[in-house]
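First comes the structure, then the notes that go with it.
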Amino acid sequence: MEIKIIPCLSDNYSYLIFEKETNTLSIVDPSDFHACDEIIKKYKKLDYILNTHHHADHVDGNIKLKNKYNCKILGFKNDKNRIPGIDILLNENQMKKIGNLEFKVIFIPGHTKGHIAFYFKKEKIVFTGDTLFSLGCGRVFEGTHKDMLNSLNKLKNLPPETKVYCGHEYTKTNLDFCLKHDPNNALLKEKSLIINSKLSSNLPTIPTTIGEEKKMNVFLRYDDVALKQALNLKGSSDQEIFSKLRDLKDTF
Ligand code: ZN
Ligand code: FE
């Protein structure tokens, strides 16, 4: 499995997935036709589009790519009226193959009602769209804070070595937010050096891993004692801490 990161629009990432044995080319969330096609056209084909959710900055390339390459578009069944050009309707926990690669559909509502992640267990890779970011999580638009926390917990339970490819380059702002509320996290300070050097060389900070996120992303650390203390919410539930953090981030 080869993955190419395609920066799109101001801060989106689309991901090209190439599987050699069956010569299968897929793309996750083609935000922008031209940016994606610059790379796709070198392969002279596109077999599948995988959409994490229906937002325009994740599906805008769908129709033009489908018209040019006659590819199949895969998305969550409940979003069949919101994902342009959708062909294959996916169910929660369904296993699906693209060439020789198999992924599982993880249903992770919160950002939108029909948001899903694509989990390639064997390859230890997950595409998380706008639900889990490097050091952050997506805004809660259509679901509840509780939905979002449940969804993040599903991702948190994947093996720690799982690589995370998310929908946006939001890492710098997320890092600042994490450092503000978790200032004594030594690993976070270490990672900030790596992040800053990547960004100053214009490189993506993606992928991260589930293991790193568990240790550094405040939205997965709602049960950390030091973090609870720093927020002055010692006796509060996980849900309360998470909601507080999400609210604070909305105005950060
Ligand atoms: Zn979105
Ligand atoms: Fe987005």
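FYI, nothing fancy with the structure tokens labels: chains A, B, ... in order, residues from 1 per chain, ligands from 1 as they appear.
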task = Kindly provide, as a PyMOL selection string, all nucleotide and amino acid residues lying within 12 Å of ligand 1, counting only C-alpha atoms and all ligand atoms.
result = chain A and resi 11-13+29+31+51-60+109-116+128-133+137-142+166-168
inquiry  = Please extract the residues of segment 25-140 of chain A with a backbone DSSP assignment of alpha helix (DSSP H) and present them as a list in words.
reply    =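 Residues meeting the alpha helix (DSSP H) criterion: Phe33, His34, Ala35, Cys36, Asp37, Glu38, Ile39, Ile40, Lys41, Lys42, Tyr43, Ala56, Asp57, His58, Val59, Asn62, Ile63, Lys64, Leu65, Lys66, Asn67, Lys68 and Tyr69 of chain A.
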Export of prior selection with N, CA, C and O atoms as an mmCIF file, in the first residue's frame:
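What follows is the written file part03.cif:
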```
data_model
loop_
_atom_site.group_PDB
_atom_site.id
_atom_site.type_symbol
_atom_site.label_atom_id
_atom_site.label_comp_id
_atom_site.auth_asym_id
_atom_site.auth_seq_id
_atom_site.Cartn_x
_atom_site.Cartn_y
_atom_site.Cartn_z
ATOM 1 N N PHE A 33 -10.469 18.935 -7.768
ATOM 2 C CA PHE A 33 -10.200 18.125 -8.959
ATOM 3 C C PHE A 33 -8.789 18.357 -9.499
ATOM 4 O O PHE A 33 -8.033 17.408 -9.737
ATOM 5 N N HIS A 34 -8.411 19.620 -9.697
ATOM 6 C CA HIS A 34 -7.150 19.905 -10.387
ATOM 7 C C HIS A 34 -5.937 19.430 -9.581
ATOM 8 O O HIS A 34 -5.039 18.792 -10.131
ATOM 9 N N ALA A 35 -5.927 19.737 -8.298
ATOM 10 C CA ALA A 35 -4.791 19.322 -7.459
ATOM 11 C C ALA A 35 -4.670 17.797 -7.459
ATOM 12 O O ALA A 35 -3.564 17.245 -7.565
ATOM 13 N N CYS A 36 -5.798 17.088 -7.375
ATOM 14 C CA CYS A 36 -5.760 15.624 -7.332
ATOM 15 C C CYS A 36 -5.392 15.060 -8.698
ATOM 16 O O CYS A 36 -4.598 14.120 -8.802
ATOM 17 N N ASP A 37 -5.964 15.628 -9.745
ATOM 18 C CA ASP A 37 -5.730 15.054 -11.069
ATOM 19 C C ASP A 37 -4.296 15.244 -11.557
ATOM 20 O O ASP A 37 -3.801 14.438 -12.352
ATOM 21 N N GLU A 38 -3.624 16.277 -11.073
ATOM 22 C CA GLU A 38 -2.196 16.455 -11.383
ATOM 23 C C GLU A 38 -1.436 15.159 -11.118
ATOM 24 O O GLU A 38 -0.537 14.778 -11.856
ATOM 25 N N ILE A 39 -1.786 14.470 -10.043
ATOM 26 C CA ILE A 39 -1.105 13.232 -9.644
ATOM 27 C C ILE A 39 -1.780 12.017 -10.288
ATOM 28 O O ILE A 39 -1.121 11.128 -10.805
ATOM 29 N N ILE A 40 -3.115 11.996 -10.249
ATOM 30 C CA ILE A 40 -3.852 10.823 -10.746
ATOM 31 C C ILE A 40 -3.534 10.563 -12.221
ATOM 32 O O ILE A 40 -3.372 9.415 -12.645
ATOM 33 N N LYS A 41 -3.418 11.630 -13.001
ATOM 34 C CA LYS A 41 -3.258 11.433 -14.444
ATOM 35 C C LYS A 41 -1.964 10.701 -14.804
ATOM 36 O O LYS A 41 -1.876 10.075 -15.858
ATOM 37 N N LYS A 42 -0.993 10.722 -13.914
ATOM 38 C CA LYS A 42 0.244 9.970 -14.152
ATOM 39 C C LYS A 42 -0.020 8.465 -14.145
ATOM 40 O O LYS A 42 0.707 7.690 -14.748
ATOM 41 N N TYR A 43 -1.055 8.050 -13.427
ATOM 42 C CA TYR A 43 -1.415 6.626 -13.360
ATOM 43 C C TYR A 43 -2.370 6.240 -14.499
ATOM 44 O O TYR A 43 -2.661 5.069 -14.689
ATOM 45 N N ALA A 56 -18.221 19.830 1.467
ATOM 46 C CA ALA A 56 -17.711 20.208 0.148
ATOM 47 C C ALA A 56 -16.186 20.088 0.042
ATOM 48 O O ALA A 56 -15.664 19.661 -0.991
ATOM 49 N N ASP A 57 -15.495 20.454 1.116
ATOM 50 C CA ASP A 57 -14.029 20.405 1.037
ATOM 51 C C ASP A 57 -13.496 18.963 1.054
ATOM 52 O O ASP A 57 -12.276 18.746 1.077
ATOM 53 N N HIS A 58 -14.386 17.966 1.029
ATOM 54 C CA HIS A 58 -13.964 16.559 0.964
ATOM 55 C C HIS A 58 -14.510 15.831 -0.261
ATOM 56 O O HIS A 58 -14.042 14.744 -0.589
ATOM 57 N N VAL A 59 -15.502 16.435 -0.911
ATOM 58 C CA VAL A 59 -16.153 15.732 -2.036
ATOM 59 C C VAL A 59 -16.133 16.536 -3.345
ATOM 60 O O VAL A 59 -16.655 16.073 -4.362
ATOM 61 N N ASN A 62 -15.319 14.850 -6.638
ATOM 62 C CA ASN A 62 -16.009 13.600 -6.976
ATOM 63 C C ASN A 62 -16.477 13.514 -8.429
ATOM 64 O O ASN A 62 -16.106 12.581 -9.155
ATOM 65 N N ILE A 63 -17.326 14.448 -8.840
ATOM 66 C CA ILE A 63 -18.011 14.327 -10.124
ATOM 67 C C ILE A 63 -17.038 14.456 -11.300
ATOM 68 O O ILE A 63 -17.076 13.649 -12.245
ATOM 69 N N LYS A 64 -16.133 15.432 -11.223
ATOM 70 C CA LYS A 64 -15.185 15.608 -12.324
ATOM 71 C C LYS A 64 -14.261 14.396 -12.457
ATOM 72 O O LYS A 64 -13.935 13.978 -13.566
ATOM 73 N N LEU A 65 -13.856 13.827 -11.341
ATOM 74 C CA LEU A 65 -12.992 12.634 -11.402
ATOM 75 C C LEU A 65 -13.780 11.443 -11.937
ATOM 76 O O LEU A 65 -13.275 10.661 -12.753
ATOM 77 N N LYS A 66 -15.026 11.311 -11.513
ATOM 78 C CA LYS A 66 -15.861 10.204 -11.991
ATOM 79 C C LYS A 66 -16.091 10.337 -13.500
ATOM 80 O O LYS A 66 -16.009 9.343 -14.227
ATOM 81 N N ASN A 67 -16.359 11.551 -13.954
ATOM 82 C CA ASN A 67 -16.562 11.764 -15.393
ATOM 83 C C ASN A 67 -15.310 11.428 -16.190
ATOM 84 O O ASN A 67 -15.384 10.871 -17.280
ATOM 85 N N LYS A 68 -14.149 11.756 -15.644
ATOM 86 C CA LYS A 68 -12.913 11.525 -16.388
ATOM 87 C C LYS A 68 -12.458 10.066 -16.341
ATOM 88 O O LYS A 68 -11.977 9.535 -17.336
ATOM 89 N N TYR A 69 -12.618 9.403 -15.184
ATOM 90 C CA TYR A 69 -12.022 8.064 -15.021
ATOM 91 C C TYR A 69 -13.055 6.943 -14.852
ATOM 92 O O TYR A 69 -12.680 5.779 -14.734
#
```
query = Gln229 of chain A: which residues within 12 Å, counting only C-alpha atoms, same-chain residues fewer than 4 positions away excluded, as a list of chain:residue names?
reply =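 Within the cut-off, the hits are A:His181, A:Asp182, A:Pro183, A:Asn184, A:Tyr222, A:Asp223, A:Asp224, A:Val225, A:Leu233, A:Lys234, A:Gly235, A:Ser236, A:Ile241.
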request  = Using only C-alpha atoms, determine which residues lie at most 10 Å from Lys72 of chain A, disregarding the query and same-chain residues fewer than 2 positions distant; provide the list as a ChimeraX atom specification.
outcome  = /A:26,46-50,62,65-66,69-70,74,85-88
Those residues with C-alpha atoms, as a PDB file, in the first residue's frame please?
```
ATOM      1  CA  SER A  26      -8.049   4.965  -4.981  1.00  0.00           C
ATOM      2  CA  LEU A  46      -8.678   5.902 -10.967  1.00  0.00           C
ATOM      3  CA  ASP A  47     -10.723   3.024  -9.573  1.00  0.00           C
ATOM      4  CA  TYR A  48     -12.282   4.290  -6.337  1.00  0.00           C
ATOM      5  CA  ILE A  49     -13.124   7.444  -4.435  1.00  0.00           C
ATOM      6  CA  LEU A  50     -13.581   6.991  -0.680  1.00  0.00           C
ATOM      7  CA  ASN A  62     -16.009  13.600  -6.976  1.00  0.00           C
ATOM      8  CA  LEU A  65     -12.992  12.634 -11.402  1.00  0.00           C
ATOM      9  CA  LYS A  66     -15.861  10.204 -11.991  1.00  0.00           C
ATOM     10  CA  TYR A  69     -12.022   8.064 -15.021  1.00  0.00           C
ATOM     11  CA  ASN A  70     -15.360   6.297 -14.533  1.00  0.00           C
ATOM     12  CA  LEU A  74     -17.925   4.866  -1.865  1.00  0.00           C
ATOM     13  CA  GLY A  85     -22.031  10.655  -7.467  1.00  0.00           C
ATOM     14  CA  ILE A  86     -22.096   7.947  -4.778  1.00  0.00           C
ATOM     15  CA  ASP A  87     -22.219   4.375  -6.201  1.00  0.00           C
ATOM     16  CA  ILE A  88     -21.438   2.011  -3.340  1.00  0.00           C
TER      17      ILE A  88
END
```
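Relative to atom CA of Arg246 of chain A, atom CA of Leu187 of chain A is found at 21.8 Å.
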ask   = Quick one, how far is atom CA of Lys191 of chain A from atom CA of Thr162 of chain A?
value =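 Atom CA of Thr162 of chain A lies at a distance of 17.5 Å from atom CA of Lys191 of chain A.
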Residue nearest Tyr119 of chain A - candidates A:Ser151, A:Leu220, A:Asn91, A:Leu158, atoms counted: only C-alpha atoms =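 Checking each candidate against Tyr119 of chain A, we get A:Leu158 as the closest.
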key: Counting only C-alpha atoms and all ligand atoms, the residue of A:Asp79, A:Asp238, A:Asp176, A:Glu169 that sits nearest ligand 2   =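 Of the candidates, the smallest distance to ligand 2 is held by A:Glu169.
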Strand (DSSP E) positions in segment 4-248 of chain A, given as a CSV table (one decimal) with N, CA, C and O atoms, in the first residue's frame:
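Below is the file selection-v8.csv, written as the result:
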```csv
chain,number,residue,atom,x,y,z
A,4,LYS,N,0.1,8.6,-1.1
A,4,LYS,CA,0.6,9.9,-1.5
A,4,LYS,C,-0.3,11.0,-0.9
A,4,LYS,O,-1.5,10.9,-1.0
A,5,ILE,N,0.3,11.9,-0.2
A,5,ILE,CA,-0.4,13.0,0.4
A,5,ILE,C,-0.6,14.1,-0.6
A,5,ILE,O,0.4,14.6,-1.2
A,6,ILE,N,-1.8,14.5,-0.9
A,6,ILE,CA,-2.0,15.6,-1.9
A,6,ILE,C,-2.6,16.8,-1.1
A,6,ILE,O,-3.8,16.8,-0.7
A,7,PRO,N,-1.8,17.9,-0.9
A,7,PRO,CA,-2.4,19.1,-0.3
A,7,PRO,C,-3.4,19.7,-1.2
A,7,PRO,O,-3.1,19.9,-2.4
A,8,CYS,N,-4.6,20.1,-0.7
A,8,CYS,CA,-5.6,20.7,-1.5
A,8,CYS,C,-6.1,22.0,-0.8
A,8,CYS,O,-6.1,22.0,0.4
A,12,ASN,N,-6.5,21.4,3.3
A,12,ASN,CA,-7.0,20.0,3.2
A,12,ASN,C,-6.0,19.1,2.7
A,12,ASN,O,-5.0,19.5,2.0
A,13,TYR,N,-6.2,17.8,3.1
A,13,TYR,CA,-5.4,16.7,2.5
A,13,TYR,C,-6.2,15.7,1.9
A,13,TYR,O,-7.2,15.2,2.5
A,14,SER,N,-5.9,15.4,0.6
A,14,SER,CA,-6.5,14.2,0.0
A,14,SER,C,-5.4,13.1,-0.1
A,14,SER,O,-4.2,13.5,0.0
A,15,TYR,N,-5.8,11.9,-0.1
A,15,TYR,CA,-4.8,10.8,0.0
A,15,TYR,C,-5.0,9.8,-1.1
A,15,TYR,O,-6.1,9.2,-1.3
A,16,LEU,N,-3.9,9.6,-1.9
A,16,LEU,CA,-3.9,8.6,-3.0
A,16,LEU,C,-3.4,7.3,-2.4
A,16,LEU,O,-2.4,7.3,-1.7
A,17,ILE,N,-4.2,6.2,-2.7
A,17,ILE,CA,-3.8,4.9,-2.3
A,17,ILE,C,-3.5,4.0,-3.5
A,17,ILE,O,-4.4,3.8,-4.3
A,18,PHE,N,-2.3,3.5,-3.6
A,18,PHE,CA,-2.0,2.7,-4.8
A,18,PHE,C,-1.6,1.3,-4.3
A,18,PHE,O,-0.9,1.1,-3.4
A,19,GLU,N,-2.3,0.3,-4.9
A,19,GLU,CA,-2.0,-1.1,-4.6
A,19,GLU,C,-1.5,-1.8,-5.8
A,19,GLU,O,-2.2,-1.9,-6.8
A,24,THR,N,-4.5,-1.1,-8.5
A,24,THR,CA,-5.7,-0.4,-8.1
A,24,THR,C,-5.4,0.9,-7.5
A,24,THR,O,-4.6,1.0,-6.6
A,25,LEU,N,-6.0,2.0,-8.0
A,25,LEU,CA,-5.7,3.3,-7.5
A,25,LEU,C,-7.0,3.9,-6.9
A,25,LEU,O,-8.1,3.9,-7.5
A,26,SER,N,-6.9,4.4,-5.7
A,26,SER,CA,-8.0,5.0,-5.0
A,26,SER,C,-7.6,6.3,-4.4
A,26,SER,O,-6.5,6.6,-4.2
A,27,ILE,N,-8.6,7.1,-4.1
A,27,ILE,CA,-8.3,8.4,-3.5
A,27,ILE,C,-9.3,8.6,-2.3
A,27,ILE,O,-10.5,8.4,-2.5
A,28,VAL,N,-8.8,9.1,-1.2
A,28,VAL,CA,-9.7,9.5,-0.1
A,28,VAL,C,-9.9,11.0,-0.1
A,28,VAL,O,-9.0,11.8,-0.2
A,48,TYR,N,-11.3,4.0,-7.4
A,48,TYR,CA,-12.3,4.3,-6.3
A,48,TYR,C,-12.1,5.7,-5.7
A,48,TYR,O,-10.9,6.1,-5.6
A,49,ILE,N,-13.2,6.3,-5.3
A,49,ILE,CA,-13.1,7.4,-4.4
A,49,ILE,C,-13.7,7.0,-3.1
A,49,ILE,O,-14.8,6.5,-3.1
A,50,LEU,N,-13.1,7.3,-2.0
A,50,LEU,CA,-13.6,7.0,-0.7
A,50,LEU,C,-13.9,8.3,0.0
A,50,LEU,O,-12.9,9.1,0.2
A,72,LYS,N,-15.6,4.4,-9.2
A,72,LYS,CA,-16.7,4.1,-8.3
A,72,LYS,C,-16.5,5.0,-7.0
A,72,LYS,O,-15.4,5.0,-6.4
A,73,ILE,N,-17.6,5.6,-6.5
A,73,ILE,CA,-17.6,6.4,-5.3
A,73,ILE,C,-18.2,5.7,-4.2
A,73,ILE,O,-19.4,5.2,-4.3
A,74,LEU,N,-17.5,5.6,-3.1
A,74,LEU,CA,-17.9,4.9,-1.9
A,74,LEU,C,-18.2,5.8,-0.7
A,74,LEU,O,-17.3,6.7,-0.4
A,75,GLY,N,-19.3,5.7,-0.1
A,75,GLY,CA,-19.6,6.6,1.1
A,75,GLY,C,-20.6,5.9,2.0
A,75,GLY,O,-21.2,4.8,1.6
A,76,PHE,N,-20.9,6.5,3.1
A,76,PHE,CA,-21.8,5.9,4.1
A,76,PHE,C,-23.2,6.0,3.6
A,76,PHE,O,-23.7,7.0,3.0
A,88,ILE,N,-21.5,3.2,-4.2
A,88,ILE,CA,-21.4,2.0,-3.3
A,88,ILE,C,-21.7,2.5,-1.9
A,88,ILE,O,-21.0,3.3,-1.4
A,89,LEU,N,-22.8,2.0,-1.3
A,89,LEU,CA,-23.3,2.4,0.0
A,89,LEU,C,-22.7,1.5,1.0
A,89,LEU,O,-22.9,0.3,1.0
A,90,LEU,N,-22.0,2.2,2.0
A,90,LEU,CA,-21.3,1.4,3.0
A,90,LEU,C,-22.1,1.4,4.3
A,90,LEU,O,-22.7,2.4,4.7
A,95,MET,N,-16.9,-4.8,6.0
A,95,MET,CA,-15.5,-5.0,5.4
A,95,MET,C,-15.7,-4.8,3.9
A,95,MET,O,-16.6,-5.2,3.3
A,96,LYS,N,-14.7,-4.1,3.3
A,96,LYS,CA,-14.8,-3.8,1.8
A,96,LYS,C,-13.4,-3.9,1.3
A,96,LYS,O,-12.4,-3.5,1.9
A,97,LYS,N,-13.3,-4.4,0.0
A,97,LYS,CA,-12.0,-4.5,-0.6
A,97,LYS,C,-11.8,-3.5,-1.7
A,97,LYS,O,-12.7,-3.3,-2.5
A,98,ILE,N,-10.6,-2.8,-1.8
A,98,ILE,CA,-10.3,-2.1,-3.0
A,98,ILE,C,-9.0,-2.7,-3.5
A,98,ILE,O,-7.9,-2.6,-2.9
A,101,LEU,N,-6.6,-4.7,-1.0
A,101,LEU,CA,-6.6,-4.0,0.3
A,101,LEU,C,-8.0,-4.1,0.9
A,101,LEU,O,-8.9,-3.8,0.2
A,102,GLU,N,-8.0,-4.5,2.1
A,102,GLU,CA,-9.3,-4.6,2.8
A,102,GLU,C,-9.4,-3.5,3.9
A,102,GLU,O,-8.5,-3.4,4.7
A,103,PHE,N,-10.5,-2.8,4.0
A,103,PHE,CA,-10.8,-1.9,5.1
A,103,PHE,C,-12.1,-2.2,5.8
A,103,PHE,O,-13.0,-2.8,5.2
A,104,LYS,N,-12.2,-1.7,7.0
A,104,LYS,CA,-13.4,-1.8,7.8
A,104,LYS,C,-14.0,-0.4,7.9
A,104,LYS,O,-13.2,0.6,8.0
A,105,VAL,N,-15.3,-0.3,7.8
A,105,VAL,CA,-16.0,1.0,7.9
A,105,VAL,C,-16.2,1.3,9.4
A,105,VAL,O,-17.0,0.5,10.0
A,106,ILE,N,-15.6,2.3,10.0
A,106,ILE,CA,-15.9,2.6,11.4
A,106,ILE,C,-16.8,3.9,11.4
A,106,ILE,O,-16.5,4.9,10.8
A,107,PHE,N,-18.0,3.7,12.0
A,107,PHE,CA,-19.0,4.8,12.0
A,107,PHE,C,-18.6,5.8,13.2
A,107,PHE,O,-18.6,5.4,14.3
A,116,ILE,N,-17.6,8.6,8.6
A,116,ILE,CA,-17.0,7.3,8.8
A,116,ILE,C,-15.5,7.4,8.6
A,116,ILE,O,-15.0,8.4,8.1
A,117,ALA,N,-14.8,6.4,9.2
A,117,ALA,CA,-13.4,6.3,9.0
A,117,ALA,C,-13.1,5.0,8.2
A,117,ALA,O,-13.9,4.1,8.3
A,118,PHE,N,-12.0,5.0,7.5
A,118,PHE,CA,-11.6,3.8,6.7
A,118,PHE,C,-10.4,3.2,7.4
A,118,PHE,O,-9.3,3.8,7.5
A,119,TYR,N,-10.6,2.0,8.0
A,119,TYR,CA,-9.5,1.3,8.8
A,119,TYR,C,-8.9,0.1,8.0
A,119,TYR,O,-9.6,-0.9,7.8
A,120,PHE,N,-7.7,0.2,7.7
A,120,PHE,CA,-6.9,-0.9,7.0
A,120,PHE,C,-6.1,-1.6,8.1
A,120,PHE,O,-5.0,-1.2,8.4
A,125,ILE,N,-3.4,1.3,9.2
A,125,ILE,CA,-3.6,2.7,8.7
A,125,ILE,C,-5.1,3.0,8.9
A,125,ILE,O,-6.0,2.2,8.6
A,126,VAL,N,-5.4,4.3,9.3
A,126,VAL,CA,-6.8,4.7,9.4
A,126,VAL,C,-6.9,6.1,8.8
A,126,VAL,O,-6.0,7.0,9.1
A,127,PHE,N,-7.9,6.3,8.0
A,127,PHE,CA,-8.3,7.7,7.5
A,127,PHE,C,-9.4,8.2,8.3
A,127,PHE,O,-10.5,7.6,8.3
A,128,THR,N,-9.2,9.3,9.0
A,128,THR,CA,-10.1,9.8,10.0
A,128,THR,C,-10.9,11.0,9.6
A,128,THR,O,-11.7,11.5,10.4
A,129,GLY,N,-10.7,11.6,8.4
A,129,GLY,CA,-11.5,12.8,7.9
A,129,GLY,C,-11.4,13.9,8.9
A,129,GLY,O,-10.3,14.3,9.3
A,132,LEU,N,-10.9,12.8,14.0
A,132,LEU,CA,-9.6,12.9,14.7
A,132,LEU,C,-8.5,13.6,13.9
A,132,LEU,O,-8.2,13.1,12.8
A,133,PHE,N,-8.0,14.7,14.4
A,133,PHE,CA,-6.9,15.3,13.8
A,133,PHE,C,-5.6,15.1,14.6
A,133,PHE,O,-5.7,14.6,15.7
A,136,GLY,N,-5.9,17.1,17.7
A,136,GLY,CA,-7.2,17.8,17.8
A,136,GLY,C,-8.3,16.9,17.4
A,136,GLY,O,-8.1,15.7,17.1
A,137,CYS,N,-9.5,17.5,17.4
A,137,CYS,CA,-10.7,16.8,16.9
A,137,CYS,C,-11.5,17.8,16.1
A,137,CYS,O,-11.4,19.0,16.3
A,163,LYS,N,-1.3,4.2,12.0
A,163,LYS,CA,-1.0,5.5,11.4
A,163,LYS,C,-2.3,6.2,11.1
A,163,LYS,O,-3.3,5.6,10.6
A,164,VAL,N,-2.4,7.5,11.5
A,164,VAL,CA,-3.6,8.3,11.3
A,164,VAL,C,-3.4,9.3,10.2
A,164,VAL,O,-2.5,10.2,10.3
A,165,TYR,N,-4.2,9.2,9.2
A,165,TYR,CA,-4.2,10.2,8.1
A,165,TYR,C,-5.6,11.0,8.2
A,165,TYR,O,-6.6,10.4,8.0
A,166,CYS,N,-5.5,12.3,8.5
A,166,CYS,CA,-6.7,13.1,8.8
A,166,CYS,C,-6.9,14.1,7.6
A,166,CYS,O,-6.1,14.3,6.8
A,208,THR,N,0.1,10.9,11.9
A,208,THR,CA,0.5,10.8,13.3
A,208,THR,C,0.1,9.3,13.6
A,208,THR,O,-0.2,8.5,12.7
A,209,THR,N,0.2,8.9,14.9
A,209,THR,CA,-0.3,7.5,15.2
A,209,THR,C,-1.3,7.6,16.4
A,209,THR,O,-1.3,8.6,17.2
```
request  = Do a neighbour search on Ser243 of chain A at 9 Å with only C-alpha atoms, toss out local chain neighbours closer than 6 positions, and write the hits as a list of chain:residue names.
outcome  = A:His145, A:Lys146, A:Leu149
Could you write out the selected residues, including N, CA, C and O atoms, as a tab-separated table (two decimals), in the first residue's frame?
```tsv
chain	number	residue	atom	x	y	z
A	145	HIS	N	-21.89	16.36	21.59
A	145	HIS	CA	-20.57	16.13	22.17
A	145	HIS	C	-20.40	14.66	22.55
A	145	HIS	O	-19.33	14.09	22.43
A	146	LYS	N	-21.51	14.06	22.98
A	146	LYS	CA	-21.45	12.64	23.38
A	146	LYS	C	-21.14	11.76	22.17
A	146	LYS	O	-20.33	10.83	22.27
A	149	LEU	N	-17.44	12.14	21.41
A	149	LEU	CA	-16.59	11.43	22.36
A	149	LEU	C	-16.63	9.92	22.10
A	149	LEU	O	-15.58	9.26	22.09
```
task = Find the spatial neighbours of Lys198 of chain A, counting only C-alpha atoms, within a cut-off of 12 Å - ignore same-chain residues fewer than 6 positions away - and output them as a ChimeraX atom specification.
result = /A:169,171-172,191-192,204-207
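Distances here use only C-alpha atoms and all ligand atoms; by that measure, the residue among A:Pro84, A:Pro30, A:Gly143, A:Gly211 closest to ligand 2 is A:Pro30.
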task = Using only C-alpha atoms and all ligand atoms, find the one residue out of A:Gln239, A:Ser10, A:Asn78, A:Asn157 that sits nearest to ligand 2.
result =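 Among the listed residues, the smallest separation from ligand 2 belongs to A:Ser10.
Nearest to ligand 2 of all the residues A:Lys214, A:Tyr170, A:Pro160, A:Asn185 is A:Tyr170, based on only C-alpha atoms and all ligand atoms.
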